[in-house]
>>> print(open('data-v6.txt').read())   # compact mmCIF, C-alpha atoms and all ligand atoms
# COMPACT_ATOMS: atom_id res chain seq x y z
CA MET A 1 57.80 -59.06 29.81
CA LYS A 2 58.86 -62.61 30.57
CA ILE A 3 56.18 -65.25 31.12
CA ASP A 4 57.27 -67.73 33.74
CA ARG A 5 54.23 -69.96 34.20
CA VAL A 6 51.79 -71.45 31.68
CA GLU A 7 48.88 -73.67 32.66
CA ALA A 8 46.09 -75.09 30.54
CA THR A 9 43.03 -76.98 31.60
CA THR A 10 39.61 -78.11 30.37
CA ILE A 11 36.40 -76.34 31.28
CA GLU A 12 32.91 -76.86 29.86
CA ASP A 13 31.15 -74.38 27.64
CA THR A 14 27.43 -73.53 27.70
CA ARG A 15 26.64 -76.60 25.60
CA GLY A 16 28.54 -78.82 28.02
CA ARG A 17 31.36 -79.35 25.55
CA PRO A 18 34.98 -79.15 26.65
CA THR A 19 36.96 -76.06 25.85
CA ILE A 20 40.33 -74.69 26.89
CA GLU A 21 41.29 -72.32 29.70
CA VAL A 22 44.80 -70.94 30.04
CA THR A 23 46.49 -69.14 32.94
CA LEU A 24 49.71 -67.20 32.45
CA GLU A 25 51.97 -65.64 35.05
CA ALA A 26 54.74 -63.10 34.70
CA GLN A 27 56.87 -60.99 37.00
CA GLN A 28 57.09 -57.25 36.77
CA GLY A 29 59.77 -54.95 38.20
CA SER A 30 59.37 -53.45 41.67
CA THR A 31 56.18 -51.53 42.52
CA LEU A 32 53.95 -50.98 45.53
CA HIS A 33 52.62 -54.54 45.33
CA SER A 34 56.01 -56.17 45.02
CA ASN A 35 56.84 -59.50 46.62
CA SER A 36 59.96 -60.15 48.68
CA GLN A 37 62.20 -60.11 45.58
CA GLY A 38 60.88 -56.66 44.72
CA ARG A 39 58.79 -57.93 41.84
CA THR A 40 55.04 -58.00 41.19
CA LEU A 41 53.27 -61.17 40.20
CA LEU A 42 50.99 -60.70 37.19
CA ARG A 43 48.44 -63.42 36.57
CA ALA A 44 45.79 -63.69 33.86
CA THR A 45 43.33 -66.35 32.76
CA ALA A 46 41.43 -66.71 29.49
CA SER A 47 39.06 -69.27 28.04
CA VAL A 48 37.80 -69.62 24.50
CA PRO A 49 34.31 -70.12 23.08
CA SER A 50 33.24 -72.48 20.33
CA GLY A 51 30.95 -72.03 17.32
CA LYS A 52 28.39 -74.41 15.83
CA SER A 53 27.46 -72.74 12.54
CA THR A 54 31.11 -72.30 11.69
CA GLY A 55 32.34 -70.94 8.36
CA SER A 56 34.47 -73.37 6.37
CA HIS A 57 37.27 -70.79 6.13
CA GLU A 58 37.65 -70.37 9.89
CA ALA A 59 40.92 -71.23 11.64
CA LEU A 60 40.91 -74.76 13.01
CA GLU A 61 39.59 -75.47 16.49
CA LEU A 62 41.67 -78.47 17.56
CA ARG A 63 39.57 -81.31 18.96
CA ASP A 64 40.49 -84.92 19.59
CA SER A 65 38.72 -86.72 16.81
CA GLU A 66 36.83 -89.40 18.72
CA SER A 67 35.84 -87.78 21.99
CA GLY A 68 35.62 -84.13 20.88
CA SER A 69 37.73 -83.24 23.90
CA VAL A 70 40.55 -80.67 23.72
CA GLU A 71 43.34 -82.73 25.31
CA GLN A 72 45.72 -82.28 22.38
CA ALA A 73 45.19 -78.51 22.39
CA ILE A 74 45.90 -78.46 26.14
CA GLU A 75 49.01 -80.55 25.66
CA ASN A 76 50.15 -78.14 22.94
CA VAL A 77 49.84 -75.22 25.36
CA GLN A 78 51.46 -77.02 28.28
CA PHE A 79 54.38 -78.42 26.38
CA GLU A 80 55.27 -76.87 23.04
CA ILE A 81 53.88 -73.36 23.55
CA ALA A 82 54.94 -73.16 27.22
CA ARG A 83 58.47 -74.29 26.40
CA ALA A 84 58.75 -71.80 23.54
CA ILE A 85 57.45 -68.69 25.32
CA MET A 86 58.62 -69.17 28.92
CA GLY A 87 61.61 -67.07 29.86
CA ARG A 88 61.66 -65.26 26.51
CA GLU A 89 61.39 -61.47 26.53
CA PHE A 90 58.34 -60.06 24.71
CA ALA A 91 58.16 -56.29 24.34
CA SER A 92 54.45 -56.28 23.48
CA ALA A 93 51.37 -58.46 23.12
CA ASP A 94 51.75 -58.04 19.36
CA GLU A 95 55.27 -59.47 19.50
CA LEU A 96 54.04 -62.45 21.49
CA ASP A 97 51.17 -63.09 19.04
CA ALA A 98 53.55 -62.87 16.07
CA PHE A 99 55.73 -65.45 17.80
CA LEU A 100 52.71 -67.76 18.32
CA ILE A 101 51.68 -67.44 14.67
CA GLU A 102 55.17 -68.35 13.52
CA LEU A 103 55.43 -71.21 16.01
CA ASP A 104 52.24 -72.75 14.64
CA GLY A 105 53.41 -72.17 11.07
CA THR A 106 50.17 -73.09 9.28
CA PRO A 107 47.75 -70.70 7.54
CA ASP A 108 44.74 -72.05 9.50
CA LYS A 109 46.38 -72.69 12.92
CA SER A 110 45.80 -76.39 12.38
CA ARG A 111 49.07 -77.58 13.91
CA LEU A 112 48.70 -76.19 17.44
CA GLY A 113 44.99 -75.26 17.22
CA ALA A 114 43.34 -71.83 17.05
CA ASN A 115 41.71 -72.58 20.42
CA ALA A 116 45.10 -73.23 22.05
CA LEU A 117 46.67 -70.13 20.48
CA LEU A 118 43.78 -67.77 21.20
CA ALA A 119 43.56 -68.73 24.89
CA VAL A 120 47.27 -67.87 25.25
CA SER A 121 46.90 -64.72 23.15
CA ILE A 122 43.98 -63.34 25.22
CA ALA A 123 45.63 -64.19 28.55
CA ALA A 124 48.80 -62.46 27.30
CA GLN A 125 46.81 -59.36 26.28
CA ARG A 126 45.45 -59.27 29.84
CA LEU A 127 48.97 -59.56 31.29
CA PHE A 128 50.21 -56.67 29.16
CA ALA A 129 47.23 -54.52 30.19
CA GLN A 130 48.02 -55.28 33.85
CA ALA A 131 51.69 -54.44 33.30
CA GLU A 132 50.69 -51.13 31.71
CA GLY A 133 48.26 -50.48 34.57
CA VAL A 134 45.33 -49.84 32.22
CA PRO A 135 41.93 -51.52 31.80
CA LEU A 136 41.78 -54.23 29.16
CA TRP A 137 39.58 -52.18 26.81
CA ARG A 138 42.05 -49.29 26.96
CA ALA A 139 44.99 -51.58 26.15
CA ILE A 140 43.05 -52.96 23.17
CA ALA A 141 42.18 -49.46 21.92
CA THR A 142 45.82 -48.37 22.15
CA ARG A 143 46.97 -51.51 20.35
CA ALA A 144 44.35 -51.15 17.62
CA GLY A 145 44.61 -47.36 17.30
CA THR A 146 40.83 -47.05 17.78
CA THR A 147 38.55 -44.75 19.75
CA PRO A 148 36.74 -46.63 22.51
CA LYS A 149 32.98 -46.33 22.74
CA ALA A 150 29.97 -48.30 23.94
CA PRO A 151 28.65 -50.71 21.32
CA ARG A 152 24.96 -51.06 20.57
CA LEU A 153 23.57 -54.15 22.28
CA TYR A 154 22.67 -56.89 19.83
CA VAL A 155 20.53 -59.08 22.11
CA ASN A 156 19.55 -62.45 20.71
CA VAL A 157 15.90 -62.78 21.70
CA MET A 158 14.85 -65.74 19.52
CA ASN A 159 17.10 -68.61 18.48
CA GLY A 160 16.51 -70.74 15.42
CA GLY A 161 18.57 -72.44 12.74
CA ALA A 162 21.39 -74.68 13.92
CA HIS A 163 21.09 -73.18 17.43
CA ALA A 164 17.54 -74.48 17.99
CA ASP A 165 16.91 -77.50 15.76
CA PHE A 166 15.72 -75.26 12.89
CA LYS A 167 12.40 -74.58 14.63
CA LEU A 168 12.78 -71.07 13.23
CA PRO A 169 14.42 -70.71 9.82
CA PHE A 170 16.89 -67.97 10.67
CA GLN A 171 19.49 -68.60 13.32
CA GLU A 172 19.20 -65.37 15.30
CA TYR A 173 16.44 -62.82 15.77
CA LEU A 174 17.98 -59.93 17.66
CA LEU A 175 16.86 -56.72 19.25
CA VAL A 176 19.35 -53.91 18.66
CA VAL A 177 19.31 -51.37 21.48
CA GLU A 178 20.93 -47.96 21.05
CA GLY A 179 22.55 -45.80 23.69
CA LYS A 180 24.87 -46.11 26.65
CA THR A 181 24.88 -49.54 28.25
CA SER A 182 23.39 -48.48 31.58
CA GLU A 183 20.35 -47.14 29.74
CA ALA A 184 20.14 -49.74 26.96
CA LEU A 185 20.47 -52.84 29.15
CA PRO A 186 17.35 -52.33 31.31
CA ILE A 187 15.34 -51.69 28.12
CA ALA A 188 16.69 -54.89 26.58
CA HIS A 189 15.86 -56.89 29.73
CA GLU A 190 12.33 -55.51 29.85
CA ALA A 191 11.73 -56.26 26.17
CA PHE A 192 13.15 -59.78 26.62
CA LYS A 193 10.76 -60.42 29.51
CA LYS A 194 7.78 -59.07 27.55
CA LEU A 195 8.58 -61.32 24.61
CA GLY A 196 8.81 -64.32 26.94
CA GLU A 197 5.38 -63.56 28.38
CA ARG A 198 3.93 -63.25 24.90
CA LEU A 199 5.46 -66.47 23.67
CA SER A 200 4.31 -68.44 26.71
CA SER A 201 0.76 -67.17 26.22
CA THR A 202 0.54 -68.84 22.81
CA GLU A 203 -1.10 -72.24 22.74
CA LEU A 204 1.98 -73.84 21.27
CA GLU A 205 4.29 -72.79 24.10
CA ALA A 206 1.79 -73.01 26.97
CA SER A 207 3.94 -75.59 28.74
CA GLY A 208 6.94 -73.22 28.79
CA VAL A 209 9.06 -71.62 26.10
CA PRO A 210 12.15 -73.65 25.24
CA MET A 211 15.50 -71.84 25.11
CA GLY A 212 18.15 -72.02 22.38
CA ASP A 213 21.93 -72.32 22.43
CA GLU A 214 22.52 -68.59 22.84
CA GLY A 215 20.20 -67.95 25.79
CA GLY A 216 17.24 -66.64 23.77
CA TYR A 217 13.78 -68.18 23.37
CA ALA A 218 13.44 -71.01 20.88
CA PRO A 219 9.77 -71.06 19.88
CA THR A 220 8.32 -73.00 16.98
CA PHE A 221 6.51 -71.14 14.20
CA SER A 222 5.29 -72.60 10.96
CA ASP A 223 4.95 -69.10 9.53
CA LEU A 224 7.99 -67.13 8.41
CA GLN A 225 6.34 -63.78 9.24
CA GLN A 226 5.27 -64.50 12.82
CA PRO A 227 8.63 -63.96 14.58
CA PHE A 228 9.04 -60.68 12.67
CA LYS A 229 5.57 -59.53 13.75
CA LEU A 230 6.44 -60.14 17.40
CA LEU A 231 9.72 -58.27 17.04
CA ALA A 232 8.07 -55.34 15.25
CA GLU A 233 5.61 -55.04 18.17
CA LEU A 234 8.52 -54.95 20.62
CA VAL A 235 10.28 -52.25 18.61
CA GLN A 236 7.09 -50.17 18.68
CA GLU A 237 6.88 -50.51 22.45
CA PHE A 238 10.56 -49.85 23.15
CA PRO A 239 11.88 -46.71 21.48
CA GLY A 240 15.54 -46.80 20.47
CA THR A 241 15.32 -50.44 19.40
CA SER A 242 15.35 -52.14 16.01
CA ILE A 243 15.54 -55.63 14.53
CA ALA A 244 18.59 -57.58 13.38
CA ILE A 245 18.74 -61.07 11.99
CA ASP A 246 21.53 -63.53 11.44
CA ALA A 247 20.23 -65.75 8.66
CA ALA A 248 23.38 -67.93 8.90
CA ALA A 249 22.40 -68.89 5.37
CA SER A 250 25.27 -71.34 4.79
CA GLU A 251 23.26 -73.64 7.07
CA LEU A 252 20.12 -73.25 4.93
CA TYR A 253 21.78 -73.86 1.56
CA ARG A 254 21.48 -77.26 -0.13
CA ASP A 255 21.44 -78.24 -3.80
CA GLY A 256 21.46 -74.70 -5.14
CA ALA A 257 18.56 -73.44 -2.99
CA TYR A 258 17.78 -72.12 0.47
CA HIS A 259 15.48 -74.16 2.70
CA LEU A 260 13.34 -72.13 5.09
CA LEU A 261 10.78 -74.12 7.06
CA ASP A 262 9.02 -76.25 4.44
CA LYS A 263 9.75 -74.02 1.43
CA THR A 264 12.71 -73.62 -0.91
CA TYR A 265 13.94 -70.29 -2.20
CA THR A 266 16.22 -69.47 -5.09
CA PRO A 267 18.83 -66.79 -4.29
CA ASP A 268 16.65 -64.24 -6.17
CA GLU A 269 13.56 -65.21 -4.18
CA LEU A 270 15.48 -64.94 -0.92
CA LEU A 271 16.79 -61.52 -1.98
CA ALA A 272 13.20 -60.41 -2.69
CA LEU A 273 12.20 -61.63 0.78
CA TYR A 274 14.96 -59.57 2.42
CA VAL A 275 14.17 -56.47 0.35
CA HIS A 276 10.52 -56.71 1.30
CA ALA A 277 11.34 -57.27 5.01
CA ALA A 278 13.70 -54.26 5.02
CA SER A 279 11.01 -52.03 3.54
CA ALA A 280 8.18 -53.26 5.79
CA LEU A 281 10.01 -53.66 9.10
CA PRO A 282 12.43 -51.64 11.27
CA ILE A 283 15.42 -53.79 10.26
CA HIS A 284 18.87 -52.57 11.30
CA SER A 285 21.06 -55.35 9.89
CA ILE A 286 21.09 -58.73 8.15
CA GLU A 287 24.04 -61.05 8.79
CA ASP A 288 25.07 -63.80 6.37
CA PRO A 289 22.00 -63.40 4.14
CA PHE A 290 23.50 -65.87 1.68
CA ALA A 291 25.84 -68.86 1.86
CA GLU A 292 29.53 -68.22 2.50
CA ASN A 293 30.63 -68.57 -1.14
CA ALA A 294 27.70 -66.72 -2.76
CA SER A 295 29.79 -63.66 -3.57
CA GLU A 296 27.51 -62.25 -6.27
CA ASP A 297 24.39 -62.57 -4.15
CA PHE A 298 26.12 -60.65 -1.36
CA THR A 299 27.07 -57.91 -3.83
CA GLN A 300 23.49 -57.76 -5.05
CA ILE A 301 21.91 -57.41 -1.62
CA THR A 302 24.47 -54.79 -0.58
CA ALA A 303 23.70 -52.82 -3.74
CA ALA A 304 19.97 -53.09 -3.02
CA LEU A 305 19.95 -52.40 0.74
CA GLY A 306 23.41 -51.19 1.74
CA ASP A 307 22.46 -47.52 1.95
CA LYS A 308 19.64 -48.36 4.36
CA ILE A 309 20.77 -51.22 6.59
CA LEU A 310 23.94 -53.12 7.47
CA ILE A 311 24.76 -56.27 5.54
CA ILE A 312 27.14 -58.14 7.86
CA GLY A 313 29.63 -60.81 6.79
CA ASP A 314 30.33 -63.66 9.21
CA ASP A 315 30.98 -67.00 7.48
CA LEU A 316 31.84 -64.88 4.44
CA THR A 317 34.70 -63.01 6.11
CA VAL A 318 35.61 -65.18 9.17
CA THR A 319 37.54 -62.32 10.85
CA ASP A 320 40.29 -62.80 8.28
CA PRO A 321 41.85 -59.48 7.18
CA ALA A 322 42.47 -60.81 3.66
CA ARG A 323 38.85 -61.95 3.28
CA VAL A 324 37.58 -58.60 4.62
CA LYS A 325 39.69 -56.80 1.98
CA LYS A 326 38.34 -59.08 -0.73
CA ALA A 327 34.75 -58.49 0.42
CA ALA A 328 35.41 -54.73 0.28
CA GLU A 329 36.76 -54.95 -3.28
CA ARG A 330 33.70 -56.89 -4.36
CA LYS A 331 31.32 -54.62 -2.41
CA GLU A 332 29.77 -57.73 -0.85
CA ILE A 333 28.95 -56.20 2.54
CA ASN A 334 29.14 -52.99 4.53
CA ALA A 335 29.79 -54.51 7.98
CA VAL A 336 31.91 -57.30 9.43
CA LEU A 337 31.29 -59.65 12.33
CA ILE A 338 34.39 -59.90 14.51
CA LYS A 339 34.96 -63.21 16.32
CA PRO A 340 38.53 -63.70 17.62
CA ASN A 341 38.38 -67.49 17.53
CA GLN A 342 37.68 -67.49 13.78
CA ILE A 343 41.27 -66.34 13.23
CA GLY A 344 43.12 -67.45 16.37
CA THR A 345 45.05 -64.48 17.82
CA VAL A 346 44.19 -61.02 19.13
CA LYS A 347 46.76 -59.53 16.73
CA GLU A 348 45.01 -60.87 13.63
CA THR A 349 41.59 -59.98 15.06
CA ILE A 350 42.78 -56.38 15.34
CA GLU A 351 44.11 -56.58 11.76
CA ALA A 352 40.61 -57.68 10.66
CA VAL A 353 39.16 -54.67 12.49
CA ARG A 354 41.67 -52.38 10.74
CA ALA A 355 40.69 -53.86 7.35
CA THR A 356 37.02 -53.35 8.29
CA TYR A 357 37.52 -49.69 9.16
CA ALA A 358 39.82 -49.08 6.18
CA ALA A 359 36.93 -50.20 3.95
CA GLY A 360 34.58 -47.79 5.72
CA PHE A 361 32.60 -50.70 7.14
CA ALA A 362 31.05 -51.15 10.59
CA ALA A 363 32.42 -53.78 13.01
CA VAL A 364 30.09 -55.90 15.13
CA ALA A 365 31.95 -57.92 17.78
CA SER A 366 30.47 -61.31 18.62
CA HIS A 367 30.48 -64.13 21.13
CA ARG A 368 30.06 -67.75 19.91
CA SER A 369 27.13 -70.08 20.39
CA GLY A 370 29.15 -72.19 22.87
CA GLU A 371 30.37 -69.66 25.43
CA THR A 372 32.32 -69.48 28.68
CA SER A 373 32.26 -66.88 31.44
CA ASP A 374 35.22 -65.05 29.84
CA THR A 375 34.21 -61.45 29.05
CA PHE A 376 37.11 -60.51 26.76
CA ILE A 377 34.74 -59.82 23.85
CA ALA A 378 33.03 -57.01 25.81
CA ASP A 379 36.37 -55.24 26.38
CA PHE A 380 37.29 -55.86 22.77
CA ALA A 381 33.99 -54.40 21.46
CA TYR A 382 34.34 -51.31 23.63
CA GLY A 383 38.05 -50.88 22.87
CA ILE A 384 37.61 -50.95 19.10
CA GLY A 385 34.56 -48.67 19.30
CA ALA A 386 32.43 -51.38 17.67
CA HIS A 387 29.07 -50.55 16.14
CA GLY A 388 27.57 -53.42 18.15
CA LEU A 389 28.21 -56.38 20.44
CA LYS A 390 26.36 -59.63 19.87
CA ALA A 391 26.39 -61.43 23.22
CA GLY A 392 23.21 -63.53 23.24
CA GLY A 393 20.03 -63.66 25.31
CA PHE A 394 19.55 -63.25 29.03
CA ALA A 395 18.81 -66.89 29.91
CA GLN A 396 22.49 -67.83 30.30
CA SER A 397 24.79 -66.18 32.80
CA GLU A 398 27.73 -66.50 30.38
CA ARG A 399 25.87 -64.05 28.07
CA VAL A 400 24.74 -61.76 30.90
CA ALA A 401 28.39 -61.58 32.05
CA LYS A 402 29.36 -59.82 28.80
CA TYR A 403 26.65 -57.18 29.18
CA ASP A 404 27.58 -56.73 32.85
CA ARG A 405 31.20 -56.25 31.82
CA LEU A 406 30.06 -53.43 29.50
CA LEU A 407 28.38 -51.82 32.50
CA ALA A 408 31.61 -52.09 34.49
CA ILE A 409 33.55 -50.59 31.58
CA GLU A 410 31.12 -47.69 31.43
CA ARG A 411 31.91 -46.99 35.09
CA GLU A 412 35.67 -47.40 34.51
CA ALA A 413 35.59 -45.14 31.48
CA GLY A 414 33.63 -42.50 33.40
CA ALA A 415 36.19 -42.57 36.17
CA VAL A 416 39.23 -41.75 34.04
C1 LIG A 501 26.99 -66.68 14.52
O1 LIG A 501 26.77 -67.38 13.52
O2 LIG A 501 27.06 -65.45 14.40
C2 LIG A 501 27.19 -67.30 15.84
C3 LIG A 501 27.48 -66.57 16.92
O3 LIG A 501 27.03 -68.64 15.90
P1 LIG A 501 28.24 -69.71 15.97
O4 LIG A 501 29.07 -69.34 17.14
O5 LIG A 501 27.54 -71.03 16.13
O6 LIG A 501 28.97 -69.57 14.68
MG MG A 502 26.60 -65.49 12.21
>>> encode(input="data-v6.txt", output="C-alpha cells", more="lines below")
Ligand code: PEP
Ligand code: MG
Amino acid sequence: MKIDRVEATTIEDTRGRPTIEVTLEAQQGSTLHSNSQGRTLLRATASVPSGKSTGSHEALELRDSESGSVEQAIENVQFEIARAIMGREFASADELDAFLIELDGTPDKSRLGANALLAVSIAAQRLFAQAEGVPLWRAIATRAGTTPKAPRLYVNVMNGGAHADFKLPFQEYLLVVEGKTSEALPIAHEAFKKLGERLSSTELEASGVPMGDEGGYAPTFSDLQQPFKLLAELVQEFPGTSIAIDAAASELYRDGAYHLLDKTYTPDELLALYVHAASALPIHSIEDPFAENASEDFTQITAALGDKILIIGDDLTVTDPARVKKAAERKEINAVLIKPNQIGTVKETIEAVRATYAAGFAAVASHRSGETSDTFIADFAYGIGAHGLKAGGFAQSERVAKYDRLLAIEREAGAV
C-alpha cells in the first residue's frame, strides 16, 4: 500500500486539552468502488488519548512546553513523517510501524512524539483493514495471532485519586460485568444508575453528585470502607458482577509511605488492607496496588492473592514488552493493562500483548483518562481476546462510544 495523503490537526480531549488527530489516504487497485482511474480511495482517521496518572516509564507524549498544545507533534506528522511515508510501498501495517519506530530513532519516542506516531499507526492499521476488506478487530486478531472474543466490561463507577482531586483514595472503583456485551451493558447501565441514586440520596451529595475525569461519580468519603460497601451492595443486586480497583498507587506514594485520605500506610500495612479486602469482598482485580518501582511489594501481593484475583500492572509495565517480561520473571503480577499510547505504536502494543500471553497472564485493554471519540481500543480489546476492557463511566459519550463499538462488533462477529 502507498499512502498518498497525510493530515494532522488538533482536537480537544474530554478534559478540554488539545490532542492530535490524523487522517491518512491511500489508493487501492481496481474494485467495485473504483474511481475514474480504476482505483479505490481508502481513508482513515485516528485520534489519541492522554493520561494523567502516567507511569514514568511511558513513551513521551510530545507537548509544547509552555502552552501544553500539540503543535510540534502535528508539525512532525505533517512534515517529517508525511514526507518519509508518502509514496513508499508498505506491505503491511507492521512494516509501516517498524519504519515509524526507526524514523523516530529514540527508545521513548521523544523525538517525534508517541502521540504523533500512534495517531499515524492507528490510522494506518485502519487503512490496512479496509484494504483487506475485514473489520478492524479481525485485522488486529490476524496481526496479533489471537482469538477474538468479547472482553468483560470494566466500568469505572467511582473516580478518585488524581482523576477526582483525591476525594476518594483510590483512583478507580470499577464494576466488572461478565458475559456478552449486549447482555452485560444493560446490567452495567442499570447498576450505574442505581449507584447514582444512592449517592445523591446521601446528605453530602444532596446537591448533585460530581463526576470525575473518566465519566464516573466522584463522591467524597472520609471513610475508606464506604465506597467498598456501596460496591458490594451493587454486586449483590446484580449477578455476574464483581469489584475491581485501580489504586494507581504511584500517585499515593510519598516519603516511603502511601497516603490514603488522612492516614499513612507502610507497604506492609497496605498489603494487609488489600488482603483483608480480597477476603471480605467480591474483588476481581487490583491494578497498581503499589508504586511503579516497588517490585518486591508487587511480588508479595501476587504471591498472597494471585491465585484468587488478578493483580494488574499499569505504571509498572507501561505496555512495554520488555517490562512485561521482567514482571513475569519477578512474578510481580498476573495481568497487564494494555494502553497503546504508553508505547507509541500498534506493533509494539501487540508485542506487549504477546509477552503478556507468553507469561500466562491476562490482558486488560484500557482507555486513558483524557479520551476522544476514537473507538480503536474496543476493536483492539476484542481482537486480542482481552480479559477485560476498561473504558470508563457512562457520563461521557467518549466512554459510551467504546461500549457501543463493542456492541457493533458483537453484531459484526455474529454476521460472519
Ligand atoms: C489508569 O491509570 O489506568 C488510567 C486510565 O488513568 P490515566 O489515563 O490517567 O493513566
Ligand atoms: Mg491505572
>>> residues_near_ligand(input="data-v6.txt", ligand="ligand LIG 501 (chain A)", cutoff="10 Å", atoms="only C-alpha atoms and all ligand atoms", output="ChimeraX atom specification")
/A:49-55,58,156,161-163,171-172,213-214,245-251,287-288,312-315,318,337-339,341-342,365-371,390-392
>>> atom_distance(input="data-v6.txt", atom1="CA of Ile350 (chain A)", atom2="CA of Trp137 (chain A)")
12.6 Å
>>> closest_residue(input="data-v6.txt", among="A:Asp13, A:Asp320, A:Glu292, A:Glu178", to="ligand MG 502 (chain A)", atoms="all atoms listed in the file")
A:Glu292
>>> closest_residue(input="data-v6.txt", among="A:Ala218, A:Leu96, A:Ile343, A:Ala378", to="Gly160 (chain A)", atoms="only C-alpha atoms")
A:Ala218
>>> atom_distance(input="data-v6.txt", atom1="CA of Val70 (chain A)", atom2="CA of Ala82 (chain A)")
16.6 Å
>>> closest_residue(input="data-v6.txt", among="A:Asn159, A:Leu407, A:Pro107, A:Thr345", to="ligand MG 502 (chain A)", atoms="all atoms listed in the file")
A:Asn159
>>> residues_around(input="data-v6.txt", residues="Lys308 (chain A)", least_positions_apart="2", cutoff="12 Å", atoms="all atoms listed in the file", output="PyMOL selection string")
chain A and resi 275+278-279+281-286+301-306+310-311+334
